[in-house]
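Trainee: run-v9.csv is reproduced below (CSV, C-alpha atoms and all ligand atoms).
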```csv
chain,number,residue,atom,x,y,z
A,236,MET,CA,128.1,-7.5,-145.9
A,237,LYS,CA,127.1,-10.8,-144.4
A,238,THR,CA,126.6,-10.7,-140.6
A,239,ALA,CA,129.1,-13.0,-139.0
A,240,PHE,CA,128.8,-14.8,-135.6
A,241,PRO,CA,125.8,-12.8,-134.4
A,242,GLU,CA,125.6,-15.0,-131.2
A,243,LEU,CA,129.0,-13.7,-130.1
A,244,VAL,CA,128.7,-10.4,-128.3
A,245,GLY,CA,131.2,-7.6,-129.3
A,246,ASN,CA,134.5,-8.7,-130.9
A,247,SER,CA,133.7,-7.0,-134.3
A,248,MET,CA,137.2,-7.2,-135.6
A,249,LEU,CA,137.6,-10.9,-134.9
A,250,LYS,CA,134.2,-11.6,-136.5
A,251,GLU,CA,135.0,-9.6,-139.6
A,252,ARG,CA,138.4,-11.1,-140.0
A,253,PHE,CA,137.1,-14.7,-139.9
A,254,ARG,CA,134.2,-13.9,-142.1
A,255,ASP,CA,136.5,-12.5,-144.8
A,256,GLU,CA,139.0,-15.4,-144.4
A,257,ILE,CA,136.3,-18.1,-144.5
A,258,LEU,CA,134.5,-16.7,-147.5
A,259,GLY,CA,137.7,-15.7,-149.3
A,260,GLY,CA,139.3,-19.1,-148.8
A,261,THR,CA,142.3,-17.5,-147.1
A,262,LEU,CA,142.1,-19.2,-143.7
A,263,ALA,CA,145.3,-20.3,-142.0
A,264,HIS,CA,145.5,-23.9,-140.8
A,265,ALA,CA,145.9,-22.8,-137.2
A,266,TYR,CA,145.0,-19.9,-135.0
A,267,ILE,CA,145.8,-19.0,-131.4
A,268,LEU,CA,142.9,-17.4,-129.6
A,269,GLU,CA,143.7,-15.6,-126.4
A,270,GLY,CA,141.0,-14.5,-124.0
A,271,GLN,CA,140.2,-14.7,-120.3
A,272,ASP,CA,137.8,-17.1,-118.8
A,273,GLY,CA,134.2,-16.4,-119.8
A,274,SER,CA,135.3,-14.2,-122.8
A,275,GLY,CA,133.5,-16.5,-125.3
A,276,LYS,CA,136.4,-18.6,-126.7
A,277,HIS,CA,134.4,-21.8,-126.6
A,278,LEU,CA,131.3,-20.3,-128.1
A,279,PHE,CA,133.5,-18.9,-130.9
A,280,SER,CA,135.1,-22.3,-131.5
A,281,ARG,CA,131.6,-23.9,-132.1
A,282,LEU,CA,130.5,-21.0,-134.3
A,283,PHE,CA,133.7,-21.2,-136.2
A,284,ALA,CA,133.3,-24.9,-136.9
A,285,ALA,CA,129.7,-24.3,-138.1
A,286,ALA,CA,130.8,-21.4,-140.3
A,287,LEU,CA,133.4,-23.5,-142.0
A,288,SER,CA,130.8,-26.1,-143.1
A,289,CYS,CA,127.5,-24.1,-143.2
A,290,GLU,CA,125.4,-25.0,-146.1
A,291,ASN,CA,124.2,-21.4,-146.5
A,292,LYS,CA,127.7,-20.0,-146.5
A,293,GLU,CA,127.3,-18.4,-149.9
A,294,ASN,CA,123.8,-17.1,-149.3
A,295,ASP,CA,123.7,-13.5,-148.2
A,296,ASP,CA,120.2,-13.8,-146.7
A,297,PHE,CA,121.7,-15.8,-143.8
A,298,PRO,CA,124.3,-14.8,-141.2
A,299,LEU,CA,127.5,-16.9,-140.9
A,300,PRO,CA,126.9,-19.5,-139.6
A,301,CYS,CA,123.2,-19.7,-140.5
A,302,GLY,CA,122.4,-21.8,-137.5
A,303,VAL,CA,119.5,-23.5,-139.2
A,304,CYS,CA,120.9,-25.8,-141.9
A,305,PRO,CA,121.3,-29.5,-140.8
A,306,THR,CA,125.1,-29.1,-140.7
A,307,CYS,CA,125.0,-26.1,-138.5
A,308,LYS,CA,122.5,-27.8,-136.2
A,309,LYS,CA,124.6,-30.9,-135.9
A,310,ILE,CA,127.8,-28.9,-135.0
A,311,LEU,CA,126.1,-26.3,-132.7
A,312,SER,CA,124.4,-29.1,-130.7
A,313,GLY,CA,127.8,-30.7,-130.2
A,314,ASN,CA,127.0,-33.8,-132.3
A,315,SER,CA,129.6,-33.6,-135.0
A,316,PRO,CA,132.5,-36.0,-134.8
A,317,ASP,CA,134.6,-33.6,-136.9
A,318,LEU,CA,134.7,-30.9,-134.2
A,319,ILE,CA,137.2,-32.3,-131.7
A,320,TYR,CA,138.1,-30.9,-128.3
A,321,ILE,CA,141.4,-31.7,-126.6
A,322,GLY,CA,141.9,-30.7,-123.0
A,323,ARG,CA,143.9,-31.5,-119.9
A,324,LYS,CA,140.9,-33.5,-118.4
A,325,ASP,CA,141.9,-34.1,-114.7
A,326,LYS,CA,145.6,-33.6,-115.3
A,327,ALA,CA,147.7,-30.4,-114.5
A,328,THR,CA,149.1,-30.3,-118.1
A,329,ILE,CA,148.4,-31.5,-121.6
A,330,GLY,CA,151.1,-34.2,-122.2
A,331,VAL,CA,152.5,-35.6,-125.3
A,332,ASP,CA,150.1,-38.6,-125.6
A,333,PRO,CA,146.9,-36.8,-126.5
A,334,ILE,CA,148.8,-34.7,-129.0
A,335,ARG,CA,150.3,-37.9,-130.6
A,336,GLU,CA,146.8,-39.3,-130.8
A,337,LEU,CA,145.6,-36.1,-132.4
A,338,ARG,CA,148.4,-36.4,-134.9
A,339,LEU,CA,147.3,-39.9,-135.9
A,340,ASP,CA,143.7,-38.8,-136.1
A,341,THR,CA,144.5,-36.0,-138.5
A,342,ALA,CA,145.5,-38.6,-141.1
A,343,VAL,CA,141.9,-39.9,-141.1
A,344,ALA,CA,139.6,-37.9,-143.4
A,345,PRO,CA,136.6,-36.0,-141.9
A,346,ASN,CA,133.4,-38.1,-141.1
A,347,ASP,CA,130.8,-35.9,-142.7
A,348,LEU,CA,132.1,-32.4,-143.0
A,349,ASP,CA,134.7,-30.9,-145.4
A,350,VAL,CA,136.9,-30.0,-142.5
A,351,LYS,CA,138.1,-31.4,-139.2
A,352,LEU,CA,138.5,-28.7,-136.5
A,353,TYR,CA,140.7,-29.5,-133.5
A,354,VAL,CA,140.2,-27.2,-130.6
A,355,ILE,CA,143.0,-27.4,-128.0
A,356,GLU,CA,141.6,-26.0,-124.7
A,357,GLU,CA,144.0,-24.3,-122.3
A,358,ALA,CA,146.7,-24.7,-124.9
A,359,GLN,CA,149.2,-22.9,-122.7
A,360,LEU,CA,149.2,-26.0,-120.5
A,361,MET,CA,150.8,-28.2,-123.2
A,362,THR,CA,154.2,-29.5,-122.1
A,363,ILE,CA,157.2,-28.6,-124.3
A,364,GLN,CA,157.2,-32.2,-125.6
A,365,ALA,CA,153.5,-31.9,-126.5
A,366,GLN,CA,154.1,-28.6,-128.2
A,367,ASN,CA,156.9,-30.1,-130.3
A,368,ALA,CA,154.7,-33.0,-131.2
A,369,LEU,CA,151.9,-30.6,-132.3
A,370,LEU,CA,154.5,-28.6,-134.3
A,371,LEU,CA,155.0,-31.7,-136.5
A,372,THR,CA,151.4,-31.6,-137.5
A,373,LEU,CA,151.3,-27.8,-137.9
A,374,GLU,CA,154.2,-27.9,-140.3
A,375,GLU,CA,152.4,-30.1,-142.8
A,376,PRO,CA,148.7,-30.6,-142.0
A,377,PRO,CA,146.3,-32.4,-144.3
A,378,GLU,CA,144.3,-29.8,-146.3
A,379,TYR,CA,141.1,-30.5,-144.4
A,380,VAL,CA,142.6,-29.9,-140.9
A,381,ARG,CA,142.1,-26.7,-138.9
A,382,PHE,CA,143.3,-25.9,-135.4
A,383,LEU,CA,142.2,-23.4,-132.8
A,384,LEU,CA,144.5,-23.1,-129.8
A,385,LEU,CA,142.5,-21.5,-126.9
A,386,CYS,CA,144.4,-19.9,-124.1
A,387,GLU,CA,144.3,-17.2,-121.4
A,388,SER,CA,147.8,-16.1,-122.5
A,389,ALA,CA,149.9,-17.3,-125.4
A,390,SER,CA,153.2,-16.4,-123.7
A,391,PRO,CA,154.0,-20.0,-122.5
A,392,LEU,CA,153.7,-21.2,-126.1
A,393,LEU,CA,156.9,-21.9,-128.1
A,394,GLU,CA,157.9,-19.3,-130.6
A,395,THR,CA,157.8,-22.0,-133.3
A,396,ILE,CA,154.1,-22.6,-132.6
A,397,LYS,CA,153.4,-18.9,-132.6
A,398,SER,CA,155.1,-18.4,-135.9
A,399,ARG,CA,152.7,-20.9,-137.5
A,400,ALA,CA,149.5,-19.7,-136.0
A,401,PRO,CA,148.3,-16.1,-136.1
A,402,LEU,CA,147.5,-14.8,-132.6
A,403,LEU,CA,144.1,-13.3,-132.1
A,404,ARG,CA,142.5,-11.9,-128.9
A,405,MET,CA,139.0,-11.8,-127.6
A,406,GLU,CA,138.1,-8.2,-126.9
A,407,PRO,CA,137.0,-7.2,-123.4
A,408,LEU,CA,133.4,-5.9,-123.5
A,409,SER,CA,132.5,-2.5,-122.3
A,410,GLY,CA,130.5,-2.1,-119.1
A,411,GLY,CA,127.5,-0.8,-121.0
A,412,LEU,CA,127.5,-3.9,-123.3
A,413,ILE,CA,127.8,-6.3,-120.4
A,414,SER,CA,125.0,-4.7,-118.4
A,415,GLU,CA,122.8,-4.7,-121.5
A,416,GLU,CA,123.5,-8.4,-122.2
A,417,LEU,CA,123.1,-9.4,-118.6
A,418,LYS,CA,119.7,-7.8,-118.4
A,419,LYS,CA,118.6,-9.4,-121.7
A,420,ARG,CA,119.8,-12.9,-120.7
A,421,SER,CA,118.9,-13.2,-117.1
A,422,PRO,CA,115.8,-12.2,-115.2
A,423,GLU,CA,117.9,-12.2,-111.9
A,424,ALA,CA,120.2,-9.6,-113.5
A,425,ALA,CA,117.3,-7.5,-114.7
A,426,SER,CA,115.7,-7.5,-111.2
A,427,LEU,CA,119.1,-6.8,-109.5
A,428,ALA,CA,119.6,-3.8,-111.9
A,429,LYS,CA,116.2,-2.5,-110.9
A,430,ASN,CA,116.2,-3.2,-107.2
A,431,ASP,CA,119.8,-2.7,-106.3
A,432,PRO,CA,121.5,-0.7,-109.0
A,433,ALA,CA,124.7,-0.2,-106.9
A,434,ALA,CA,125.2,-3.9,-106.5
A,435,PHE,CA,124.5,-4.4,-110.2
A,436,SER,CA,127.1,-1.9,-111.3
A,437,GLU,CA,129.6,-3.4,-108.9
A,438,LEU,CA,129.0,-6.7,-110.5
A,439,VAL,CA,129.5,-5.3,-114.0
A,440,ALA,CA,132.6,-3.5,-113.0
A,441,ALA,CA,134.1,-6.7,-111.4
A,442,SER,CA,133.5,-8.7,-114.5
A,443,ASP,CA,136.6,-7.2,-116.1
A,444,GLY,CA,135.0,-7.2,-119.6
A,445,SER,CA,134.0,-10.8,-119.5
A,446,LEU,CA,130.4,-11.7,-120.0
A,447,GLY,CA,130.8,-15.3,-118.8
A,448,ARG,CA,132.4,-14.0,-115.6
A,449,ALA,CA,129.6,-11.4,-115.1
A,450,LEU,CA,127.0,-14.2,-115.5
A,451,SER,CA,128.8,-16.3,-112.9
A,452,TYR,CA,128.6,-13.4,-110.5
A,453,LEU,CA,124.8,-13.6,-110.6
A,454,ASP,CA,124.9,-16.4,-108.1
A,455,ALA,CA,124.0,-14.8,-104.7
A,456,GLY,CA,126.9,-16.4,-102.7
A,457,THR,CA,129.5,-15.5,-105.3
A,458,GLN,CA,128.1,-12.0,-105.5
A,459,LYS,CA,128.3,-11.4,-101.8
A,460,ALA,CA,131.9,-12.6,-101.6
A,461,LEU,CA,132.8,-10.5,-104.6
A,462,ILE,CA,131.2,-7.3,-103.2
A,463,ALA,CA,133.0,-7.9,-99.9
A,464,LYS,CA,136.4,-8.1,-101.7
A,465,ARG,CA,135.7,-5.0,-103.7
A,466,THR,CA,134.6,-3.1,-100.6
A,467,LEU,CA,137.8,-4.2,-98.9
A,468,ALA,CA,139.9,-3.0,-101.9
A,469,LYS,CA,138.3,0.4,-101.7
A,470,ASP,CA,138.6,0.6,-97.9
A,471,PHE,CA,142.3,-0.3,-98.1
A,472,ILE,CA,143.0,2.5,-100.5
A,473,ARG,CA,140.9,5.0,-98.5
A,474,LEU,CA,142.8,4.1,-95.3
A,475,ALA,CA,146.2,4.3,-97.1
A,476,GLY,CA,145.3,7.9,-98.0
A,477,SER,CA,144.1,9.0,-94.6
A,478,GLU,CA,145.3,9.6,-91.1
A,479,LYS,CA,145.7,6.1,-89.7
A,480,ARG,CA,144.3,4.9,-86.4
A,481,ALA,CA,145.5,1.6,-85.2
A,482,ALA,CA,142.0,0.3,-84.6
A,483,GLU,CA,141.0,0.9,-88.2
A,484,THR,CA,144.1,-0.9,-89.5
A,485,VAL,CA,143.5,-3.9,-87.2
A,486,ASP,CA,139.9,-4.0,-88.4
A,487,LEU,CA,140.9,-3.8,-92.0
A,488,LEU,CA,143.5,-6.5,-91.7
A,489,SER,CA,140.9,-8.8,-90.1
A,490,ARG,CA,138.7,-8.6,-93.2
A,491,PHE,CA,141.3,-10.0,-95.6
A,492,PRO,CA,140.4,-13.5,-96.6
A,493,GLN,CA,142.3,-16.3,-94.8
A,494,LYS,CA,142.3,-18.7,-97.8
A,495,ARG,CA,145.3,-18.4,-100.1
A,496,GLU,CA,143.4,-18.5,-103.3
A,497,GLU,CA,140.9,-15.8,-102.2
A,498,LEU,CA,143.6,-13.7,-100.7
A,499,THR,CA,145.5,-13.8,-104.1
A,500,GLU,CA,142.3,-12.8,-105.8
A,501,THR,CA,141.8,-9.9,-103.4
A,502,CYS,CA,145.4,-8.7,-104.1
A,503,SER,CA,144.8,-8.8,-107.8
A,504,MET,CA,141.6,-6.8,-107.3
A,505,ILE,CA,143.4,-4.2,-105.2
A,506,LEU,CA,146.1,-4.0,-107.9
A,507,THR,CA,143.6,-3.3,-110.6
A,508,ALA,CA,142.1,-0.6,-108.5
A,509,LEU,CA,145.5,1.0,-107.8
A,510,ARG,CA,146.3,0.9,-111.5
A,511,ASP,CA,143.1,2.8,-112.2
A,512,LEU,CA,144.2,5.5,-109.7
A,513,ALA,CA,147.7,5.7,-111.3
A,514,ALA,CA,146.0,6.1,-114.7
A,515,ILE,CA,144.0,9.0,-113.2
A,516,LYS,CA,147.2,10.7,-112.2
A,517,ARG,CA,148.8,10.2,-115.5
A,518,VAL,CA,146.2,10.9,-118.2
A,519,ASP,CA,143.2,13.1,-118.7
A,520,GLU,CA,140.7,10.5,-119.8
A,521,PRO,CA,141.8,7.2,-118.2
A,522,THR,CA,140.2,3.9,-119.1
A,523,LEU,CA,139.1,2.4,-115.7
A,524,TYR,CA,139.0,-1.3,-115.1
A,525,PHE,CA,138.1,-1.6,-111.4
A,526,PHE,CA,135.9,1.5,-110.8
A,527,SER,CA,132.5,1.8,-112.4
A,528,GLU,CA,132.4,5.5,-111.5
A,529,LEU,CA,135.2,8.0,-112.2
A,530,SER,CA,134.1,10.2,-109.4
A,531,LEU,CA,134.8,7.6,-106.7
A,532,ALA,CA,138.1,6.8,-108.2
A,533,GLU,CA,139.1,10.4,-108.3
A,534,GLU,CA,138.0,10.9,-104.7
A,535,LEU,CA,140.2,8.0,-103.6
A,536,ALA,CA,143.1,9.1,-105.8
A,537,TYR,CA,143.0,12.7,-104.5
A,538,PRO,CA,145.0,12.3,-101.2
A,539,LEU,CA,147.5,10.0,-102.8
A,540,SER,CA,150.6,11.0,-104.9
A,541,LEU,CA,151.6,8.9,-107.9
A,542,PRO,CA,154.8,7.6,-106.1
A,543,LYS,CA,152.6,6.6,-103.1
A,544,ILE,CA,150.2,4.7,-105.4
A,545,LEU,CA,153.1,2.9,-107.1
A,546,GLY,CA,154.6,2.1,-103.7
A,547,LEU,CA,151.2,0.6,-102.6
A,548,GLU,CA,151.2,-1.4,-105.8
A,549,GLN,CA,154.6,-2.8,-104.9
A,550,SER,CA,153.4,-3.7,-101.4
A,551,VAL,CA,150.3,-5.5,-102.7
A,552,ALA,CA,152.4,-7.4,-105.3
A,553,ALA,CA,154.8,-8.4,-102.6
A,554,LEU,CA,152.0,-9.7,-100.4
A,555,SER,CA,150.6,-11.7,-103.3
A,556,GLU,CA,154.1,-13.2,-104.0
A,557,SER,CA,154.6,-14.3,-100.4
A,558,ILE,CA,151.2,-15.9,-100.3
A,559,ASN,CA,152.0,-17.8,-103.5
A,560,ARG,CA,155.3,-18.9,-101.9
A,561,ASN,CA,153.2,-20.4,-99.0
A,562,ALA,CA,154.2,-17.9,-96.4
A,563,ASN,CA,152.3,-17.8,-93.1
A,564,ILE,CA,149.2,-15.7,-93.9
A,565,ARG,CA,149.1,-13.8,-90.6
A,566,LEU,CA,152.8,-12.9,-90.8
A,567,ALA,CA,152.5,-11.9,-94.4
A,568,LEU,CA,149.6,-9.6,-93.7
A,569,THR,CA,151.4,-7.9,-90.8
A,570,ALA,CA,154.5,-7.4,-93.0
A,571,PHE,CA,152.2,-6.0,-95.7
A,572,ALA,CA,150.5,-3.6,-93.3
A,573,SER,CA,153.8,-2.1,-92.3
A,574,ASP,CA,155.2,-2.1,-95.8
A,575,ALA,CA,152.1,-0.2,-97.0
A,576,GLY,CA,152.5,2.3,-94.2
A,577,LEU,CA,149.3,1.3,-92.4
A,578,LEU,CA,151.0,0.6,-89.0
A,601,ZN,ZN,124.3,-23.3,-141.7
```
Could I get this file's structure written as structure tokens?
Ligand SMILES: [Zn+2]
Mentor:
Amino acid sequence: MKTAFPELVGNSMLKERFRDEILGGTLAHAYILEGQDGSGKHLFSRLFAAALSCENKENDDFPLPCGVCPTCKKILSGNSPDLIYIGRKDKATIGVDPIRELRLDTAVAPNDLDVKLYVIEEAQLMTIQAQNALLLTLEEPPEYVRFLLLCESASPLLETIKSRAPLLRMEPLSGGLISEELKKRSPEAASLAKNDPAAFSELVAASDGSLGRALSYLDAGTQKALIAKRTLAKDFIRLAGSEKRAAETVDLLSRFPQKREELTETCSMILTALRDLAAIKRVDEPTLYFFSELSLAEELAYPLSLPKILGLEQSVAALSESINRNANIRLALTAFASDAGLL
């Protein structure tokens, strides 16, 4: 079988599906592609555009897209006028105007390809009005038009949109695959893996299955902040399961970030860690998302009962909510400490 999208790591189901649909001529006009930041949605959109028009599409000696024909080169270098990206630019949402423009543009035949591919970035940020405008085009698109709606989560999209566009997801990559790719792509990663394997495996575990995120963590400053947050998450859980001393609690609370955004991020990290611990209590071979080693997760889970873990999850979720509601950070942390039984 023809290899498809070799530049995209993992995601074998997605690749096979699109290969079969492109070669079999059974493509839908629109797809929703869900995946977190750094999961490869943009890379896929370029490869998909190239695959649609590749001159070696029927030739089994080449992967799909071949990457070497003039058409592939033009598309992959970002120089094809028939691959069109629509985003929010500096606005908070995607309003109806750019979607109306898009609709007018679909009436114009492709410049030099057989297809015109419209990629809507952060499609979940389209206003209801914009989505309704898009729907008009999705109902009766010209034959040469294709859409990819990229989003972190498709849940804000209207049912009417979802009913016209199959929903596909980027697969999270395994820790092994991420660490292999990091070492292959970045000399910094390779040297970190060699000289500080513990920090390297922390980084891989924190990437949450996203290669793009893992690459961004290679920046020294980001990495340091990340490790501080992960250590804090583990220390919080350790303290929650041990005999408390007031001094330790005060010290722990002082390490929580004072900026809202970072504090929210810390909360979501602690929640992921707690969910790992809950999974350990529930099943024999849990899939872990925060911990890179089962042994440490088991050690932290040991003194905690499942109801206690679930209670801690609630306390952390409540802290995150009050931070998002703009509560005073110091007061919110104190309330959290007492709620989580640290005081
Ligand atoms: Zn090609």
Trainee: What's the separation between atom CA of A:Asp272 and atom CA of A:Ile310, in Å to one decimal place?
Mentor: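 One can read the atom CA of A:Asp272 to atom CA of A:Ile310 distance as 22.4 Å.
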Trainee: Restricting the calculation to all atoms listed in the file, which member of A:Ser409, A:Glu251, A:Lys469, A:Phe525 is positioned closest to A:Ala441?
Mentor: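 Smallest separation from A:Ala441 among the options: A:Phe525.
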Trainee: Check which residues fall inside 12 Å of ligand ZN 601 (chain A) when counting all atoms listed in the file, and print them as a ChimeraX atom specification.
Mentor: /A:239-240,282-311
Trainee: Quick check, in Å to one decimal: how far apart do atom CA of A:Arg448 and atom CA of A:Gln359 lie?
Mentor: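 Pair atom CA of A:Arg448 / atom CA of A:Gln359 returns 20.3 Å.
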Trainee: To one decimal place, how far is atom CA of A:Ile267 from atom CA of A:Val350 in Å?
Mentor: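 Taking atom CA of A:Ile267 as the start and atom CA of A:Val350 as the end point, the length is 18.0 Å.
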Trainee: For A:Ala460, which of A:Val551, A:Asp443, A:Met236, A:Glu500 is the closest residue, counting all atoms listed in the file?
Mentor: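 The answer is A:Glu500, which sits nearest to A:Ala460.
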Trainee: Could you tell me which of A:Ala475, A:Leu370, A:Leu498, A:Leu278 comes closest to A:Ile564 if we count all atoms listed in the file?
Mentor: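 Under the stated criterion, the closest residue is A:Leu498.
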Trainee: Can you work out which one of A:Glu387, A:Asp511, A:Glu534, A:Glu416 has the shortest atom-to-atom distance to A:Leu403, counting all atoms listed in the file?
Mentor: A:Glu387
